[in-house]
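Below is one structure, written out as structure tokens; the observations come after it.
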Amino acid sequence: MSTREDYPAGVPCWADTNQPDPGSAAQFYSGLFGWETEDRMPPDSGAHYFMAGIGGRDVAAISSQPEGSPPEAIWNTYIRVDSADEAAARVRDAGGRVLSEPFDVFDSGRMGVFSDPEGAVFSVWQSGRHRGSAAVNEHGAVNFNNLHTDDLAAAQAFYGSVFGWTTIDAGAPMWALPGYGDHLEQLMPGMRAGMKEMGAPEGFEDVVATILPREGGPARWSLTFLVDDADAIAERARQLGGSVLAGPQDAPWTRFAVLADPAGAAFTASQFVAENR
């Protein structure tokens, strides 16, 4: 179990999914991951925002589709910033688009929705009362955020300008935030030594996200959830009305399956398997 109270600027900190039927999606993910869900929107608001938790700790959310948004169900990545307005200016300067100007979300925080030059959509989060996902890196919690791109050089220039990210080679390129490992070492003393003992690549403690190919799809951000048993989760997703898009299959350090919920929002379920190193 891993609990977070806050995130440094430049680190993915939250995830939610836009759904045509949020109530049904809440039932699916509760059945799949064991989430506890509660609708935080007023009954007369005409919208829903189901906060999902693990052991009383926020993990993600399930939302009605925002007015004017594409009709498909999707998962959204939020990246922590000190100022959403300043992030919007950096996005414009780096050649991205501002899809939704920064706005306040009650007293929870301030957010904006942007896209990179290749069209991958992401959000930023300037925290107020809500600091981000408290439950991380455990069964049913977000384990990785993934950028699917076929233009690595353009992505490096854009995300480096907006968030200060660099890349490391971990067998495949991964996004790193210099100094993030120092923050994690303070939270979890001995983290660096543990990674070295396991054979993690140099600089892996600074990793904040992964980079994957588009594989014929659009440029996009996606989510990976950590699970105890990828095969069992894939079968459970089928039973709950979801679908298995790929796998389960082995990869370095993991066994994973690419799944979709009943409305079509895709995500990855990944089981850590040290023997696959």
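Note on naming: chains are A, B, ... as they come in the structure tokens, residues start from 1 per chain, ligands start from 1 in the order shown.
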Picked from region 27-256 of chain A by DSSP as strand (DSSP E or B), as a PyMOL selection string: chain A and resi 36-39+49-54+57-64+74-80+97-105+109-115+121-127+135-136+142-148+166-169+173-176+207-212+220-226+243-251+254-256
Compile the contact shell of Val105 (chain A) as a PyMOL selection string: residues with an atom at most 10 Å away, counting only C-alpha atoms, same-chain residues fewer than 2 positions apart removed. chain A and resi 102-103+107-111+125-128+130
Kindly give the distance, in Å, that separates CA of Arg220 (chain A) and CA of Arg129 (chain A), rounded to a single decimal.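 Computing the Euclidean distance for CA of Arg220 (chain A) and CA of Arg129 (chain A) yields 28.4 Å.
Closest approach to Ser63 (chain A) among A:Thr3, A:Thr167, A:Ser83, A:Thr37 is made by A:Thr37 (distances from only C-alpha atoms).
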Quick one: residues within 6 Å of region 4-14 of chain A, only C-alpha atoms, excluding same-chain residues fewer than 3 positions away - as a PyMOL selection string? chain A and resi 78-82+131-134+163+208
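Using only C-alpha atoms for every distance, the candidate list A:Val227, A:Ala25, A:Val273, A:Val121 yields A:Val121 as the residue closest to Val98 (chain A).
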Residue with smallest distance to Glu185 (chain A) - pool A:Gln249, A:Asn76, A:Trp165, A:Asp206, counting only C-alpha atoms: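 Ranking A:Gln249, A:Asn76, A:Trp165, A:Asp206 by distance to Glu185 (chain A), first place goes to A:Asp206.
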Taking only C-alpha atoms into account, name the residue in A:Gly179, A:Ala257, A:Glu215, A:Leu184 that is nearest to Thr166 (chain A).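 Among the listed residues, A:Gly179 lies closest to Thr166 (chain A).
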Distance query Phe158 (chain A) at most 12 Å, only C-alpha atoms, self and fewer than 3 positions along chain excluded, as a compact mmCIF listing (two decimals) with N, CA and C atoms, in the first residue's frame:
```txt
# COMPACT_ATOMS: atom_id res chain seq x y z
N ALA A 87 0.87 27.44 -17.07
CA ALA A 87 1.01 26.25 -17.90
C ALA A 87 0.36 26.46 -19.26
N ARG A 90 2.71 28.37 -21.41
CA ARG A 90 3.82 27.54 -21.89
C ARG A 90 3.36 26.60 -23.00
N VAL A 91 2.15 26.06 -22.87
CA VAL A 91 1.61 25.18 -23.92
C VAL A 91 1.53 25.93 -25.24
N ARG A 92 0.98 27.14 -25.21
CA ARG A 92 0.87 27.94 -26.44
C ARG A 92 2.26 28.23 -27.03
N ASP A 93 3.18 28.64 -26.18
CA ASP A 93 4.52 28.99 -26.65
C ASP A 93 5.23 27.78 -27.26
N ALA A 94 4.91 26.57 -26.78
CA ALA A 94 5.58 25.36 -27.26
C ALA A 94 4.87 24.74 -28.46
N GLY A 95 3.79 25.37 -28.93
CA GLY A 95 3.12 24.87 -30.13
C GLY A 95 1.93 23.98 -29.87
N GLY A 96 1.50 23.86 -28.61
CA GLY A 96 0.31 23.08 -28.29
C GLY A 96 -0.95 23.93 -28.38
N ARG A 97 -2.07 23.35 -28.02
CA ARG A 97 -3.36 24.04 -28.06
C ARG A 97 -4.00 24.06 -26.69
N SER A 115 -3.71 20.21 -25.55
CA SER A 115 -3.20 19.13 -26.40
C SER A 115 -1.81 19.48 -26.87
N ASP A 116 -0.99 18.46 -27.07
CA ASP A 116 0.36 18.69 -27.57
C ASP A 116 0.31 18.85 -29.10
N PRO A 117 1.43 19.16 -29.75
CA PRO A 117 1.39 19.41 -31.19
C PRO A 117 0.92 18.23 -32.03
N GLU A 118 1.03 17.01 -31.49
CA GLU A 118 0.58 15.83 -32.22
C GLU A 118 -0.89 15.53 -31.97
N GLY A 119 -1.51 16.24 -31.00
CA GLY A 119 -2.94 16.07 -30.74
C GLY A 119 -3.28 15.29 -29.49
N ALA A 120 -2.28 14.83 -28.72
CA ALA A 120 -2.56 14.10 -27.48
C ALA A 120 -3.10 15.06 -26.43
N ASP A 151 6.34 10.74 -32.80
CA ASP A 151 7.29 11.82 -33.04
C ASP A 151 7.97 12.17 -31.73
N LEU A 152 8.94 11.35 -31.36
CA LEU A 152 9.58 11.51 -30.06
C LEU A 152 10.30 12.85 -29.96
N ALA A 153 10.97 13.29 -31.01
CA ALA A 153 11.71 14.54 -30.95
C ALA A 153 10.78 15.72 -30.67
N ALA A 154 9.63 15.75 -31.35
CA ALA A 154 8.67 16.84 -31.13
C ALA A 154 8.10 16.77 -29.72
N ALA A 155 7.83 15.54 -29.24
CA ALA A 155 7.30 15.39 -27.88
C ALA A 155 8.32 15.84 -26.85
N SER A 161 9.60 21.79 -22.61
CA SER A 161 9.31 23.21 -22.42
C SER A 161 8.19 23.43 -21.41
N VAL A 162 7.17 22.57 -21.44
CA VAL A 162 5.99 22.78 -20.59
C VAL A 162 6.22 22.31 -19.15
N PHE A 163 6.86 21.14 -18.98
CA PHE A 163 6.99 20.56 -17.65
C PHE A 163 8.43 20.35 -17.18
N GLY A 164 9.41 20.61 -18.05
CA GLY A 164 10.79 20.37 -17.67
C GLY A 164 11.21 18.92 -17.74
N TRP A 165 10.45 18.11 -18.49
CA TRP A 165 10.76 16.69 -18.58
C TRP A 165 11.95 16.42 -19.48
N THR A 166 12.69 15.38 -19.13
CA THR A 166 13.72 14.82 -19.99
C THR A 166 13.34 13.36 -20.27
```
Calculated over only C-alpha atoms, which of the candidates A:Ala237, A:Val142, A:Val124, A:Met195 has the smallest distance to Ala52 (chain A)?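 Nearest to Ala52 (chain A): A:Val142.
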Point-to-point distance in Å for CA of Glu36 (chain A) and CA of Arg236 (chain A): 17.2 Å
Env of Tyr49 (chain A): 6 Å cut, atoms = only C-alpha atoms, seq-sep filter 4 positions within chain, self excluded. Answer as JSON, numbers by chain. {"A": [39, 40, 41, 62, 63]}
Since we have the selection now, will you write its residues out, keeping all heavy atoms, as a PDB file, in the first residue's frame?
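This went into result16.pdb:
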```pdb
ATOM      1  N   ASP A  39     -20.985   9.683  -5.467  1.00  0.00           N
ATOM      2  CA  ASP A  39     -21.255  10.817  -6.350  1.00  0.00           C
ATOM      3  C   ASP A  39     -21.138  12.106  -5.545  1.00  0.00           C
ATOM      4  O   ASP A  39     -21.885  12.325  -4.592  1.00  0.00           O
ATOM      5  CB  ASP A  39     -22.650  10.681  -6.962  1.00  0.00           C
ATOM      6  CG  ASP A  39     -22.878  11.652  -8.108  1.00  0.00           C
ATOM      7  OD1 ASP A  39     -22.002  12.496  -8.365  1.00  0.00           O
ATOM      8  OD2 ASP A  39     -23.940  11.565  -8.749  1.00  0.00           O
ATOM      9  N   ARG A  40     -20.206  12.987  -5.938  1.00  0.00           N
ATOM     10  CA  ARG A  40     -19.952  14.214  -5.206  1.00  0.00           C
ATOM     11  C   ARG A  40     -20.719  15.415  -5.776  1.00  0.00           C
ATOM     12  O   ARG A  40     -20.590  16.518  -5.238  1.00  0.00           O
ATOM     13  CB  ARG A  40     -18.451  14.525  -5.220  1.00  0.00           C
ATOM     14  CG  ARG A  40     -17.581  13.460  -4.546  1.00  0.00           C
ATOM     15  CD  ARG A  40     -17.700  13.487  -3.043  1.00  0.00           C
ATOM     16  NE  ARG A  40     -16.921  12.430  -2.420  1.00  0.00           N
ATOM     17  CZ  ARG A  40     -15.633  12.533  -2.102  1.00  0.00           C
ATOM     18  NH1 ARG A  40     -14.975  13.659  -2.374  1.00  0.00           N
ATOM     19  NH2 ARG A  40     -14.995  11.531  -1.536  1.00  0.00           N
ATOM     20  N   MET A  41     -21.481  15.228  -6.856  1.00  0.00           N
ATOM     21  CA  MET A  41     -22.220  16.343  -7.429  1.00  0.00           C
ATOM     22  C   MET A  41     -23.596  16.476  -6.771  1.00  0.00           C
ATOM     23  O   MET A  41     -24.211  15.468  -6.381  1.00  0.00           O
ATOM     24  CB  MET A  41     -22.389  16.148  -8.932  1.00  0.00           C
ATOM     25  CG  MET A  41     -21.079  16.191  -9.706  1.00  0.00           C
ATOM     26  SD  MET A  41     -20.252  17.797  -9.601  1.00  0.00           S
ATOM     27  CE  MET A  41     -21.292  18.745 -10.720  1.00  0.00           C
ATOM     28  N   ILE A  62     -15.015   9.110 -11.829  1.00  0.00           N
ATOM     29  CA  ILE A  62     -15.842   8.756 -12.980  1.00  0.00           C
ATOM     30  C   ILE A  62     -16.834   9.881 -13.179  1.00  0.00           C
ATOM     31  O   ILE A  62     -17.628  10.186 -12.291  1.00  0.00           O
ATOM     32  CB  ILE A  62     -16.555   7.416 -12.739  1.00  0.00           C
ATOM     33  CG1 ILE A  62     -15.515   6.296 -12.528  1.00  0.00           C
ATOM     34  CG2 ILE A  62     -17.495   7.079 -13.897  1.00  0.00           C
ATOM     35  CD1 ILE A  62     -16.072   5.066 -11.857  1.00  0.00           C
ATOM     36  N   SER A  63     -16.790  10.505 -14.352  1.00  0.00           N
ATOM     37  CA  SER A  63     -17.497  11.757 -14.584  1.00  0.00           C
ATOM     38  C   SER A  63     -18.488  11.660 -15.730  1.00  0.00           C
ATOM     39  O   SER A  63     -18.307  10.867 -16.665  1.00  0.00           O
ATOM     40  CB  SER A  63     -16.476  12.854 -14.902  1.00  0.00           C
ATOM     41  OG  SER A  63     -17.105  14.054 -15.301  1.00  0.00           O
TER      42      SER A  63
END
```
Enter the distance from CA of Ala15 (chain A) to CA of Gln27 (chain A), in Å, rounded to one decimal. 17.4 Å
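Checking A:Ala47, A:Tyr29, A:Asn143, A:Ala89 one by one against Leu259 (chain A), counting only C-alpha atoms, you find the shortest gap at A:Tyr29.
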